[in-house]
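Enquirer: Contents of my_file_13.tsv (TSV, C-alpha atoms) are given next:
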```
chain	number	residue	atom	x	y	z
A	1	MET	CA	217.32	164.72	100.77
A	2	ARG	CA	219.11	161.61	99.50
A	3	HIS	CA	216.63	159.46	101.48
A	4	LYS	CA	213.65	161.19	99.88
A	5	ILE	CA	215.10	160.75	96.36
A	6	THR	CA	215.83	157.08	97.01
A	7	LYS	CA	212.28	156.56	98.34
A	8	HIS	CA	210.83	158.32	95.29
A	9	LEU	CA	212.89	156.20	92.88
A	10	LYS	CA	211.78	153.04	94.70
A	11	MET	CA	208.12	154.02	94.37
A	12	GLU	CA	208.57	154.70	90.66
A	13	ARG	CA	210.28	151.32	90.25
A	14	ASP	CA	207.48	149.50	92.10
A	15	ASN	CA	204.81	151.25	90.05
A	16	HIS	CA	206.69	150.32	86.87
A	17	ILE	CA	206.86	146.65	87.97
A	18	ILE	CA	203.11	146.61	88.65
A	19	GLU	CA	202.38	148.20	85.27
A	20	GLU	CA	204.63	145.67	83.51
A	21	ARG	CA	202.90	142.80	85.34
A	22	GLY	CA	199.57	144.12	84.19
A	23	LYS	CA	200.82	144.28	80.59
A	24	ASN	CA	202.27	140.78	80.79
A	25	THR	CA	198.90	139.34	81.78
A	26	GLU	CA	197.64	140.39	78.34
A	27	LEU	CA	199.97	137.75	76.85
A	28	LEU	CA	197.91	134.99	78.50
A	29	PRO	CA	194.42	133.98	77.39
A	30	GLN	CA	191.74	135.37	79.69
A	31	GLU	CA	190.37	131.88	80.31
A	32	LEU	CA	193.77	130.71	81.58
A	33	ILE	CA	194.13	133.72	83.86
A	34	ILE	CA	190.72	133.01	85.37
A	35	GLU	CA	191.54	129.32	85.84
A	36	ILE	CA	194.77	130.18	87.68
A	37	LEU	CA	193.20	132.86	89.88
A	38	LEU	CA	190.31	130.61	90.87
A	39	LYS	CA	192.79	128.23	92.53
A	40	LEU	CA	194.41	130.90	94.70
A	41	PRO	CA	193.47	131.58	98.35
A	42	VAL	CA	191.46	134.63	99.39
A	43	LYS	CA	194.47	136.35	100.96
A	44	SER	CA	196.42	136.23	97.68
A	45	LEU	CA	193.48	137.37	95.58
A	46	SER	CA	192.91	140.34	97.87
A	47	ARG	CA	196.49	141.45	97.25
A	48	PHE	CA	196.28	140.82	93.51
A	49	LYS	CA	193.48	143.35	93.15
A	50	CYS	CA	196.29	145.94	93.14
A	51	VAL	CA	198.12	144.42	90.15
A	52	CYS	CA	196.04	146.15	87.48
A	53	LYS	CA	192.54	147.45	86.82
A	54	SER	CA	191.52	144.38	84.81
A	55	TRP	CA	192.41	142.07	87.73
A	56	LEU	CA	190.58	144.34	90.16
A	57	SER	CA	187.49	144.13	87.97
A	58	LEU	CA	187.80	140.37	87.51
A	59	ILE	CA	188.41	139.46	91.17
A	60	SER	CA	185.59	141.76	92.30
A	61	ASP	CA	183.09	140.32	89.82
A	62	PRO	CA	180.24	138.44	91.60
A	63	HIS	CA	180.41	135.56	89.12
A	64	PHE	CA	184.12	135.11	89.83
A	65	THR	CA	183.73	135.30	93.63
A	66	THR	CA	180.86	132.79	93.57
A	67	SER	CA	182.83	130.38	91.36
A	68	HIS	CA	185.84	130.74	93.67
A	69	PHE	CA	183.76	129.97	96.77
A	70	GLU	CA	181.95	127.01	95.24
A	71	LEU	CA	185.05	125.19	94.01
A	72	ASP	CA	185.66	121.76	95.51
A	73	THR	CA	188.96	122.86	97.05
A	74	PRO	CA	188.85	122.99	100.87
A	75	HIS	CA	187.81	126.35	102.30
A	76	THR	CA	189.99	128.23	104.76
A	77	GLU	CA	188.22	128.62	108.09
A	78	ARG	CA	189.22	131.01	110.84
A	79	LEU	CA	188.00	132.12	114.24
A	80	VAL	CA	186.97	135.70	114.86
A	81	PHE	CA	186.39	137.30	118.24
A	82	PHE	CA	186.07	140.84	119.54
A	83	VAL	CA	188.39	142.71	121.86
A	84	PRO	CA	186.37	143.90	124.88
A	85	ARG	CA	185.35	147.57	124.95
A	86	THR	CA	186.82	148.29	121.49
A	87	ARG	CA	185.84	148.17	117.83
A	88	GLU	CA	188.66	145.75	117.13
A	89	ALA	CA	188.40	142.08	116.26
A	90	ARG	CA	191.01	139.36	115.98
A	91	SER	CA	191.03	136.66	113.33
A	92	ILE	CA	192.82	133.41	114.19
A	93	ASP	CA	193.96	130.53	112.01
A	94	PHE	CA	193.05	127.76	114.46
A	95	ASN	CA	194.81	125.11	112.36
A	96	LEU	CA	198.14	126.67	113.35
A	97	PRO	CA	199.52	126.49	116.90
A	98	LEU	CA	197.52	128.89	119.07
A	99	GLN	CA	200.72	130.53	120.35
A	100	ASP	CA	202.01	131.20	116.82
A	101	ASP	CA	201.96	135.00	116.37
A	102	SER	CA	201.37	134.63	112.63
A	103	ALA	CA	198.10	132.82	113.34
A	104	SER	CA	196.39	135.97	114.64
A	105	VAL	CA	195.68	139.26	112.85
A	106	ALA	CA	193.78	142.37	113.96
A	107	LEU	CA	190.66	143.56	112.12
A	108	LYS	CA	189.07	147.00	112.42
A	109	LEU	CA	185.34	147.60	112.58
A	110	GLU	CA	185.21	151.34	111.99
A	111	PHE	CA	181.66	151.10	110.64
A	112	LEU	CA	180.26	150.29	114.10
A	113	PRO	CA	179.02	153.16	116.30
A	114	PRO	CA	181.89	154.87	118.21
A	115	LYS	CA	180.04	154.74	121.54
A	116	PRO	CA	180.99	151.76	123.74
A	117	CYS	CA	178.59	148.90	123.15
A	118	ASP	CA	178.88	145.18	123.63
A	119	ILE	CA	179.30	143.30	120.37
A	120	GLN	CA	177.51	139.96	120.06
A	121	ILE	CA	177.74	137.42	117.26
A	122	ARG	CA	174.38	136.09	116.10
A	123	GLY	CA	175.47	133.81	113.27
A	124	SER	CA	177.96	132.97	110.53
A	125	CYS	CA	177.32	131.90	106.94
A	126	ARG	CA	179.42	131.63	103.75
A	127	GLY	CA	182.05	134.09	104.95
A	128	PHE	CA	179.64	136.59	106.49
A	129	VAL	CA	179.15	137.21	110.22
A	130	LEU	CA	175.95	138.63	111.73
A	131	LEU	CA	176.82	141.18	114.43
A	132	ASP	CA	174.59	142.72	117.09
A	133	SER	CA	175.83	146.04	118.47
A	134	CYS	CA	174.05	149.04	119.99
A	135	GLN	CA	170.64	147.46	119.26
A	136	SER	CA	171.48	147.15	115.56
A	137	LEU	CA	172.32	144.18	113.36
A	138	TRP	CA	175.17	144.23	110.85
A	139	VAL	CA	176.25	141.73	108.19
A	140	TRP	CA	180.04	141.79	107.82
A	141	ASN	CA	182.62	139.96	105.71
A	142	PRO	CA	185.85	139.83	107.77
A	143	SER	CA	187.89	138.89	104.66
A	144	THR	CA	186.93	141.95	102.59
A	145	GLY	CA	185.51	144.41	105.13
A	146	ALA	CA	182.21	144.60	103.21
A	147	HIS	CA	179.32	145.34	105.56
A	148	LYS	CA	175.67	146.30	105.66
A	149	LYS	CA	173.42	147.51	108.44
A	150	VAL	CA	170.17	145.57	108.76
A	151	PRO	CA	167.21	147.88	109.41
A	152	SER	CA	165.27	147.25	112.62
A	153	SER	CA	162.26	144.99	112.22
A	154	PRO	CA	158.73	146.37	112.68
A	155	THR	CA	158.39	144.38	115.91
A	156	VAL	CA	161.57	145.84	117.37
A	157	LEU	CA	160.49	149.35	116.41
A	158	MET	CA	157.18	148.72	118.15
A	159	GLY	CA	159.01	148.11	121.44
A	160	MET	CA	158.04	145.89	124.40
A	161	PHE	CA	159.23	142.76	122.58
A	162	PHE	CA	162.18	140.60	123.68
A	163	ILE	CA	164.14	138.76	120.97
A	164	PHE	CA	164.92	135.22	122.17
A	165	LEU	CA	166.02	133.45	118.96
A	166	TYR	CA	168.46	134.65	116.30
A	167	GLY	CA	169.48	132.85	113.13
A	168	PHE	CA	171.46	133.61	109.98
A	169	GLY	CA	171.68	131.49	106.84
A	170	TYR	CA	171.58	131.22	103.07
A	171	ASP	CA	168.78	130.11	100.74
A	172	PRO	CA	170.42	128.65	97.59
A	173	SER	CA	167.10	128.51	95.74
A	174	THR	CA	166.87	132.32	95.75
A	175	ASN	CA	170.55	133.23	96.24
A	176	ASP	CA	169.54	135.16	99.34
A	177	TYR	CA	170.86	135.58	102.86
A	178	ILE	CA	168.23	135.34	105.57
A	179	VAL	CA	168.12	136.72	109.13
A	180	VAL	CA	165.62	134.96	111.41
A	181	GLN	CA	164.43	136.33	114.74
A	182	ALA	CA	161.70	135.28	117.15
A	183	SER	CA	160.47	137.68	119.82
A	184	CYS	CA	157.78	137.79	122.51
A	185	ASN	CA	156.10	140.36	124.74
A	186	LEU	CA	154.94	140.31	128.36
A	187	TYR	CA	151.63	138.75	127.35
A	188	GLY	CA	153.22	135.74	125.67
A	189	LEU	CA	152.59	136.93	122.11
A	190	ILE	CA	155.33	135.52	119.86
A	191	ARG	CA	156.31	136.84	116.47
A	192	VAL	CA	158.73	135.30	113.99
A	193	GLU	CA	160.23	137.57	111.36
A	194	ILE	CA	162.68	136.95	108.54
A	195	PHE	CA	164.81	139.54	106.79
A	196	SER	CA	165.80	139.13	103.14
A	197	LEU	CA	169.05	140.85	102.26
A	198	LYS	CA	168.12	140.57	98.60
A	199	ASP	CA	164.84	142.43	99.10
A	200	ASN	CA	166.20	144.54	101.99
A	201	ALA	CA	162.93	143.94	103.83
A	202	TRP	CA	161.46	142.17	106.88
A	203	LYS	CA	158.48	139.85	106.65
A	204	GLU	CA	156.46	138.37	109.49
A	205	MET	CA	155.75	134.66	109.23
A	206	GLU	CA	152.14	133.62	109.67
A	207	GLY	CA	150.83	130.51	111.41
A	208	ILE	CA	153.95	129.82	113.48
A	209	ASN	CA	153.33	128.33	116.93
A	210	LEU	CA	156.28	128.64	119.31
A	211	SER	CA	154.20	129.46	122.35
A	212	LYS	CA	155.50	126.58	124.50
A	213	ILE	CA	159.17	127.62	124.26
A	214	ASN	CA	160.86	129.06	127.31
A	215	ASN	CA	161.65	132.47	125.84
A	216	TRP	CA	162.71	134.63	128.78
A	217	ASN	CA	165.94	133.03	130.00
A	218	ASP	CA	168.40	134.23	127.37
A	219	ARG	CA	168.95	134.97	123.72
A	220	ARG	CA	169.87	131.88	121.74
A	221	ASN	CA	171.86	131.94	118.52
A	222	GLY	CA	171.14	129.33	115.88
A	223	SER	CA	173.70	126.88	114.49
A	224	LEU	CA	173.69	126.66	110.69
A	225	LEU	CA	174.16	123.22	109.14
A	226	ASN	CA	175.04	123.96	105.52
A	227	GLY	CA	174.41	120.51	104.11
A	228	VAL	CA	170.69	120.70	104.91
A	229	ASN	CA	170.24	124.51	104.70
A	230	ALA	CA	168.74	124.72	108.16
A	231	ILE	CA	169.33	126.67	111.37
A	232	HIS	CA	169.13	124.85	114.71
A	233	TRP	CA	168.56	125.91	118.31
A	234	LEU	CA	168.69	123.88	121.52
A	235	THR	CA	165.76	125.20	123.49
A	236	TYR	CA	163.30	124.24	126.22
A	237	ARG	CA	159.63	123.30	126.19
A	238	TYR	CA	158.28	124.40	129.57
A	239	ASN	CA	154.85	122.74	129.41
A	240	VAL	CA	156.27	119.17	129.36
A	241	PRO	CA	159.09	120.12	130.48
A	242	GLU	CA	162.01	119.01	128.27
A	243	HIS	CA	164.82	120.20	126.03
A	244	PHE	CA	164.57	119.77	122.27
A	245	ILE	CA	166.24	120.89	119.03
A	246	LEU	CA	164.25	123.36	116.96
A	247	ALA	CA	165.14	123.57	113.24
A	248	PHE	CA	164.24	126.22	110.66
A	249	ASP	CA	164.41	125.18	106.99
A	250	LEU	CA	165.72	128.15	105.00
A	251	MET	CA	164.18	126.96	101.73
A	252	GLU	CA	160.82	125.68	102.97
A	253	ARG	CA	160.59	128.47	105.59
A	254	ASN	CA	159.13	126.25	108.32
A	255	PHE	CA	160.02	124.97	111.80
A	256	THR	CA	160.45	121.30	112.71
A	257	GLU	CA	162.10	119.31	115.51
A	258	VAL	CA	165.28	117.24	115.38
A	259	PRO	CA	165.62	114.40	117.94
A	260	LEU	CA	168.16	114.51	120.75
A	261	PRO	CA	170.12	111.34	121.61
A	262	ILE	CA	168.13	108.69	123.41
A	263	GLY	CA	167.98	109.46	127.13
A	264	PHE	CA	169.65	112.82	126.57
A	265	LYS	CA	166.86	115.09	127.79
A	266	GLU	CA	167.71	114.30	131.40
A	267	ASN	CA	171.38	115.17	130.77
A	268	CYS	CA	170.40	118.69	129.73
A	269	ASP	CA	168.27	119.09	132.85
A	270	PHE	CA	171.23	118.62	135.20
A	271	ASN	CA	174.20	119.74	133.04
A	272	PHE	CA	175.13	122.54	130.68
A	273	CYS	CA	174.38	121.52	127.09
A	274	ASP	CA	175.50	123.47	124.04
A	275	LEU	CA	174.41	122.82	120.44
A	276	GLY	CA	176.79	123.51	117.58
A	277	VAL	CA	178.25	122.23	114.33
A	278	LEU	CA	181.41	120.12	114.23
A	279	GLY	CA	182.63	119.66	110.67
A	280	GLU	CA	179.57	118.56	108.70
A	281	PHE	CA	177.54	117.33	111.67
A	282	LEU	CA	175.29	118.74	114.35
A	283	SER	CA	177.08	118.47	117.67
A	284	LEU	CA	176.28	118.59	121.37
A	285	CYS	CA	178.71	119.40	124.15
A	286	VAL	CA	177.59	118.30	127.63
A	287	VAL	CA	179.45	119.82	130.57
A	288	GLY	CA	178.77	118.81	134.16
A	289	HIS	CA	180.25	119.74	137.54
A	290	HIS	CA	183.64	118.10	138.13
A	291	CYS	CA	183.15	115.54	135.36
A	292	PRO	CA	184.48	115.22	131.79
A	293	ALA	CA	182.89	117.13	128.93
A	294	GLU	CA	181.22	114.83	126.40
A	295	ILE	CA	181.01	115.72	122.70
A	296	TRP	CA	178.36	114.06	120.55
A	297	VAL	CA	177.73	114.30	116.79
A	298	MET	CA	174.69	113.35	114.70
A	299	GLU	CA	176.26	111.29	111.91
A	300	GLU	CA	173.03	110.95	109.91
A	301	TYR	CA	170.76	113.97	109.94
A	302	ARG	CA	167.44	113.49	111.78
A	303	VAL	CA	168.26	109.85	112.66
A	304	GLN	CA	168.18	109.64	116.44
A	305	SER	CA	170.20	106.43	116.63
A	306	SER	CA	173.07	108.05	114.70
A	307	TRP	CA	174.04	110.30	117.64
A	308	THR	CA	177.53	109.16	118.67
A	309	LYS	CA	179.77	110.20	121.54
A	310	ILE	CA	183.14	110.90	119.91
A	311	ILE	CA	185.30	112.72	122.48
A	312	VAL	CA	185.52	113.00	126.25
A	313	VAL	CA	187.59	115.99	127.37
A	314	SER	CA	189.79	115.15	130.35
A	315	VAL	CA	188.77	116.85	133.58
A	316	ASP	CA	192.32	116.45	134.93
A	317	GLN	CA	193.82	118.87	132.39
A	318	VAL	CA	190.92	121.14	131.51
A	319	PRO	CA	188.40	122.46	134.08
A	320	THR	CA	185.50	121.23	131.97
A	321	ARG	CA	182.91	123.07	134.00
A	322	TYR	CA	184.01	126.16	132.06
A	323	PHE	CA	184.66	124.46	128.71
A	324	THR	CA	182.72	125.45	125.55
A	325	LEU	CA	183.22	123.63	122.25
A	326	ILE	CA	183.91	125.85	119.23
A	327	CYS	CA	185.23	123.85	116.25
A	328	SER	CA	187.60	121.15	115.01
A	329	THR	CA	190.83	121.46	113.03
A	330	LYS	CA	191.68	119.79	109.74
A	331	GLY	CA	193.72	117.26	111.70
A	332	GLY	CA	190.79	116.27	113.93
A	333	ASP	CA	191.77	118.22	117.06
A	334	ILE	CA	189.06	120.19	118.84
A	335	VAL	CA	189.19	123.84	119.83
A	336	GLY	CA	187.24	125.18	122.79
A	337	LYS	CA	186.92	128.24	124.98
A	338	LEU	CA	187.83	128.06	128.64
A	339	ARG	CA	186.53	130.43	131.32
A	340	SER	CA	185.63	132.93	128.57
A	341	THR	CA	189.25	134.15	128.39
A	342	THR	CA	191.33	131.29	127.01
A	343	LEU	CA	191.39	129.08	123.92
A	344	VAL	CA	192.35	125.43	124.34
A	345	LYS	CA	193.13	122.73	121.80
A	346	CYS	CA	192.66	119.03	122.58
A	347	ASP	CA	193.41	115.93	120.53
A	348	ALA	CA	190.89	113.32	119.40
A	349	GLN	CA	191.28	111.53	122.76
A	350	GLY	CA	190.34	114.68	124.69
A	351	GLN	CA	193.87	115.30	125.99
A	352	LEU	CA	195.05	118.91	126.25
A	353	LEU	CA	197.54	119.97	123.56
A	354	GLU	CA	197.87	123.71	124.18
A	355	ARG	CA	196.14	126.75	125.58
A	356	GLN	CA	196.37	130.46	124.84
A	357	TYR	CA	195.16	133.24	127.12
A	358	TYR	CA	193.70	136.34	125.43
A	359	TYR	CA	191.76	138.85	127.51
A	360	ASP	CA	190.49	139.21	131.02
A	361	CYS	CA	186.82	139.68	130.24
A	362	PRO	CA	184.30	138.65	132.93
A	363	ASN	CA	181.46	138.40	130.44
A	364	GLY	CA	183.58	136.56	127.88
A	365	PHE	CA	184.31	137.53	124.31
A	366	PRO	CA	181.95	136.44	121.52
A	367	MET	CA	183.56	134.10	119.01
A	368	THR	CA	182.58	132.22	115.87
A	369	VAL	CA	184.05	130.33	112.94
A	370	TYR	CA	183.87	131.96	109.52
A	371	THR	CA	184.97	130.90	106.05
A	372	GLU	CA	187.33	133.15	104.12
A	373	SER	CA	185.51	134.40	101.03
A	374	LEU	CA	185.36	137.24	98.53
A	375	LEU	CA	181.58	136.97	98.24
A	376	SER	CA	179.44	140.07	98.07
A	377	LEU	CA	175.91	140.34	99.37
A	378	PRO	CA	172.99	139.99	96.91
A	379	PHE	CA	171.79	143.57	96.87
A	380	ASP	CA	172.43	146.76	94.97
A	381	SER	CA	176.00	147.98	95.42
A	382	GLU	CA	174.78	151.33	96.73
A	383	GLN	CA	173.42	149.55	99.82
A	384	ALA	CA	176.80	148.08	100.75
A	385	GLU	CA	180.04	149.62	101.87
A	386	ASN	CA	183.62	148.43	102.10
A	387	ASP	CA	186.40	149.18	104.53
A	388	ASP	CA	189.39	150.60	102.69
```
Write out the structure in this file as structure tokens.

Expert:
Amino acid sequence: MRHKITKHLKMERDNHIIEERGKNTELLPQELIIEILLKLPVKSLSRFKCVCKSWLSLISDPHFTTSHFELDTPHTERLVFFVPRTREARSIDFNLPLQDDSASVALKLEFLPPKPCDIQIRGSCRGFVLLDSCQSLWVWNPSTGAHKKVPSSPTVLMGMFFIFLYGFGYDPSTNDYIVVQASCNLYGLIRVEIFSLKDNAWKEMEGINLSKINNWNDRRNGSLLNGVNAIHWLTYRYNVPEHFILAFDLMERNFTEVPLPIGFKENCDFNFCDLGVLGEFLSLCVVGHHCPAEIWVMEEYRVQSSWTKIIVVSVDQVPTRYFTLICSTKGGDIVGKLRSTTLVKCDAQGQLLERQYYYDCPNGFPMTVYTESLLSLPFDSEQAENDD
């Protein structure tokens, strides 16, 4: 009985402290409160929603969340990956040591269907991650739990079409998030569709010619380069034949090509090549059999001569045949995935710093970098849900 009374008194005391904090905020000008809160990290702001109703309303306001995201202060980036055969994800602060327990936290995805389905990541943009599970697409904010199911496109509902390109990005001119998918059927007919989260509708693009792309090998996810508002895929032109980078401009809504490094097309023919984004640059990771992994970046967008080899990952310490580049830390180290079960961190000279084993998953676990944000999606609040 004494324990219950003590617990009750503690709860009353905590509630009183929270109420007093809420009252004390009234002593400060609203402009000053906003200025202070805008400088706080997402994790702190999420907790401060519980201080009082006025802070909950302020921190949840779309104008506040947009201003917070667009400040010049560096964003906090994390890795997210999914635990095999569950609806659980893990979020990792990759700037901390990989073996630091505080660097990893569990996230629940209760909104996904309960039946066992593989979860794939199709893109990441401004704090949102595009998920593919049980033949459905979902847009999810790992920082807030906000999520929305994307309705199936008319082409998918028609059946007999195979989706071979996925992309996810943001159009600043319309404040809209865009899903891009290209699909083909057995007869070689290709359709490109874009989904507007603002309009909650799919639209087929007319006059797009992607007929020479090898579209039956696998599904390719696009890499978003924020500085140019474009999604990029490394794909293959079978009529020549050669590899090339296909780019989709999110504002102009058109496809163009971006040049590979000089003499690089032959490298992709005999090695595994992976396109990504490293910091603010397009990147290429070239992995061969029993040879070092080479990492290239395009220092000036669309300028072929600006491709520069920056890191060679040592084959003596890391079996590079199974190495996949993921991201770089604030200190310039690189983080990669090894054999689909282990994360590794190497320094700027390609020497192994640490490794951390996670799960024994033959097919690997999907992983992406996301930016912590409080942003909400640009649609009516009734269309979105939050995890409590």

Enquirer: At most 9 Å is the cut-off: for each residue in stretch 36-92 of chain A with any atom that close to an atom of stretch 142-155 of chain A, write down the nearest atom pair and the distance in Å rounded to one decimal, counting all atoms listed in the file, chain first then increasing number, as a tab-separated table.

Expert:
```
residue	atom	partner	partner_atom	distance
A:Val42	CA	A:Ser143	CA	7.7
A:Lys43	CA	A:Ser143	CA	8.0
A:Ser46	CA	A:Thr144	CA	7.8
A:Val80	CA	A:Pro142	CA	8.3
A:Ser91	CA	A:Pro142	CA	8.2
```

Enquirer: May I ask which of the residues A:Gly159, A:Ala103, A:Phe168, A:Leu352 is the closest one to A:Asp132, counting only C-alpha atoms?

Expert: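 Between A:Gly159, A:Ala103, A:Phe168, A:Leu352, the residue approaching A:Asp132 most closely is A:Phe168.
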
Enquirer: Atom CA of A:Asn226 to atom CA of A:Ile59: how many Å, to one decimal?

Expert: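 Spanning atom CA of A:Asn226 to atom CA of A:Ile59 is a straight-line distance of 25.0 Å.
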
Enquirer: May I ask which of the residues A:Pro261, A:Pro74, A:Pro114, A:Gly123 is the closest one to A:Thr308, counting only C-alpha atoms?

Expert: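 Looking only at the distances to A:Thr308, the closest residue turns out to be A:Pro261.
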
Enquirer: Atom CA of A:Leu246 and atom CA of A:Leu157 are how many Å apart?

Expert: 26.3 Å

Enquirer: When distances are computed from only C-alpha atoms, which of A:Thr329, A:Thr73, A:Asn271, A:Gln349 shows the smallest separation from A:Ile310?

Expert: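 Looking at the shortest contact to A:Ile310, the residue is A:Gln349.
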
Enquirer: Figure out the distance between atom CA of A:Cys327 and atom CA of A:Phe94, please, to one decimal in Å.

Expert: 8.9 Å

Enquirer: Just want the 10 Å neighbourhood of stretch 228-230 of chain A, counted on only C-alpha atoms, with same-chain residues fewer than 5 positions away dropped. Output as a PyMOL selection string.

Expert: chain A and resi 167-172+222-223+246-255+280+301

Enquirer: Can you list, as an mmCIF file with C-alpha atoms, in the frame of the given file, every protein, DNA or RNA residue that comes within 8 Å of A:Leu325 when you count only C-alpha atoms, leaving out same-chain residues fewer than 2 positions away?

Expert:
```cif
data_model
loop_
_atom_site.group_PDB
_atom_site.id
_atom_site.type_symbol
_atom_site.label_atom_id
_atom_site.label_comp_id
_atom_site.auth_asym_id
_atom_site.auth_seq_id
_atom_site.Cartn_x
_atom_site.Cartn_y
_atom_site.Cartn_z
ATOM 1 C CA ASP A 274 175.500 123.470 124.040
ATOM 2 C CA GLY A 276 176.790 123.510 117.580
ATOM 3 C CA CYS A 285 178.710 119.400 124.150
ATOM 4 C CA PHE A 323 184.660 124.460 128.710
ATOM 5 C CA CYS A 327 185.230 123.850 116.250
ATOM 6 C CA ILE A 334 189.060 120.190 118.840
ATOM 7 C CA VAL A 335 189.190 123.840 119.830
ATOM 8 C CA GLY A 336 187.240 125.180 122.790
ATOM 9 C CA LYS A 337 186.920 128.240 124.980
#
```

Enquirer: Determine, counting all atoms listed in the file, which protein, DNA and RNA residues have an atom within 10 Å of an atom of A:Cys125; residues of the same chain fewer than 3 positions away are not included. Present the result as a list in words.

Expert: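 The residues that qualify are Phe128, Val129, Leu130, Val139, Asn141, Phe168, Gly169, Tyr170, Tyr177, Ile178, Ser223, Leu224, Leu225, Asn226, Val369, Tyr370 and Thr371 of chain A.
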
Enquirer: Missing atoms in stretch 120-132 of chain A: can you complete it with N, CA, C and O atoms, as a PDB file, keeping the file's coordinate frame?

Expert:
```
ATOM      1  N   GLN A 120     177.882 141.368 120.010  1.00  0.00           N
ATOM      2  CA  GLN A 120     177.510 139.960 120.060  1.00  0.00           C
ATOM      3  C   GLN A 120     177.490 139.396 118.646  1.00  0.00           C
ATOM      4  O   GLN A 120     177.233 140.104 117.681  1.00  0.00           O
ATOM      5  N   ILE A 121     177.792 138.113 118.544  1.00  0.00           N
ATOM      6  CA  ILE A 121     177.740 137.420 117.260  1.00  0.00           C
ATOM      7  C   ILE A 121     176.472 136.585 117.226  1.00  0.00           C
ATOM      8  O   ILE A 121     176.238 135.759 118.100  1.00  0.00           O
ATOM      9  N   ARG A 122     175.659 136.802 116.202  1.00  0.00           N
ATOM     10  CA  ARG A 122     174.380 136.090 116.100  1.00  0.00           C
ATOM     11  C   ARG A 122     174.379 134.979 115.075  1.00  0.00           C
ATOM     12  O   ARG A 122     173.435 134.197 115.010  1.00  0.00           O
ATOM     13  N   GLY A 123     175.426 134.889 114.253  1.00  0.00           N
ATOM     14  CA  GLY A 123     175.470 133.810 113.270  1.00  0.00           C
ATOM     15  C   GLY A 123     176.615 134.007 112.302  1.00  0.00           C
ATOM     16  O   GLY A 123     177.242 135.070 112.239  1.00  0.00           O
ATOM     17  N   SER A 124     176.893 132.946 111.523  1.00  0.00           N
ATOM     18  CA  SER A 124     177.960 132.970 110.530  1.00  0.00           C
ATOM     19  C   SER A 124     177.539 132.114 109.351  1.00  0.00           C
ATOM     20  O   SER A 124     177.009 131.014 109.536  1.00  0.00           O
ATOM     21  N   CYS A 125     177.775 132.621 108.132  1.00  0.00           N
ATOM     22  CA  CYS A 125     177.320 131.900 106.940  1.00  0.00           C
ATOM     23  C   CYS A 125     178.098 132.340 105.712  1.00  0.00           C
ATOM     24  O   CYS A 125     178.145 133.532 105.394  1.00  0.00           O
ATOM     25  N   ARG A 126     178.751 131.401 105.033  1.00  0.00           N
ATOM     26  CA  ARG A 126     179.420 131.630 103.750  1.00  0.00           C
ATOM     27  C   ARG A 126     180.376 132.837 103.780  1.00  0.00           C
ATOM     28  O   ARG A 126     180.456 133.600 102.831  1.00  0.00           O
ATOM     29  N   GLY A 127     181.076 133.002 104.871  1.00  0.00           N
ATOM     30  CA  GLY A 127     182.050 134.090 104.950  1.00  0.00           C
ATOM     31  C   GLY A 127     181.529 135.346 105.588  1.00  0.00           C
ATOM     32  O   GLY A 127     182.305 136.280 105.836  1.00  0.00           O
ATOM     33  N   PHE A 128     180.237 135.416 105.870  1.00  0.00           N
ATOM     34  CA  PHE A 128     179.640 136.590 106.490  1.00  0.00           C
ATOM     35  C   PHE A 128     179.317 136.301 107.963  1.00  0.00           C
ATOM     36  O   PHE A 128     178.962 135.173 108.325  1.00  0.00           O
ATOM     37  N   VAL A 129     179.440 137.325 108.793  1.00  0.00           N
ATOM     38  CA  VAL A 129     179.150 137.210 110.220  1.00  0.00           C
ATOM     39  C   VAL A 129     178.049 138.217 110.554  1.00  0.00           C
ATOM     40  O   VAL A 129     178.110 139.374 110.135  1.00  0.00           O
ATOM     41  N   LEU A 130     177.041 137.757 111.293  1.00  0.00           N
ATOM     42  CA  LEU A 130     175.950 138.630 111.730  1.00  0.00           C
ATOM     43  C   LEU A 130     176.294 139.178 113.109  1.00  0.00           C
ATOM     44  O   LEU A 130     176.424 138.422 114.072  1.00  0.00           O
ATOM     45  N   LEU A 131     176.450 140.509 113.187  1.00  0.00           N
ATOM     46  CA  LEU A 131     176.820 141.180 114.430  1.00  0.00           C
ATOM     47  C   LEU A 131     175.625 141.888 115.026  1.00  0.00           C
ATOM     48  O   LEU A 131     174.733 142.355 114.303  1.00  0.00           O
ATOM     49  N   ASP A 132     175.629 142.000 116.353  1.00  0.00           N
ATOM     50  CA  ASP A 132     174.590 142.720 117.090  1.00  0.00           C
ATOM     51  C   ASP A 132     175.300 143.722 117.993  1.00  0.00           C
ATOM     52  O   ASP A 132     176.006 143.338 118.922  1.00  0.00           O
TER      53      ASP A 132
END
```
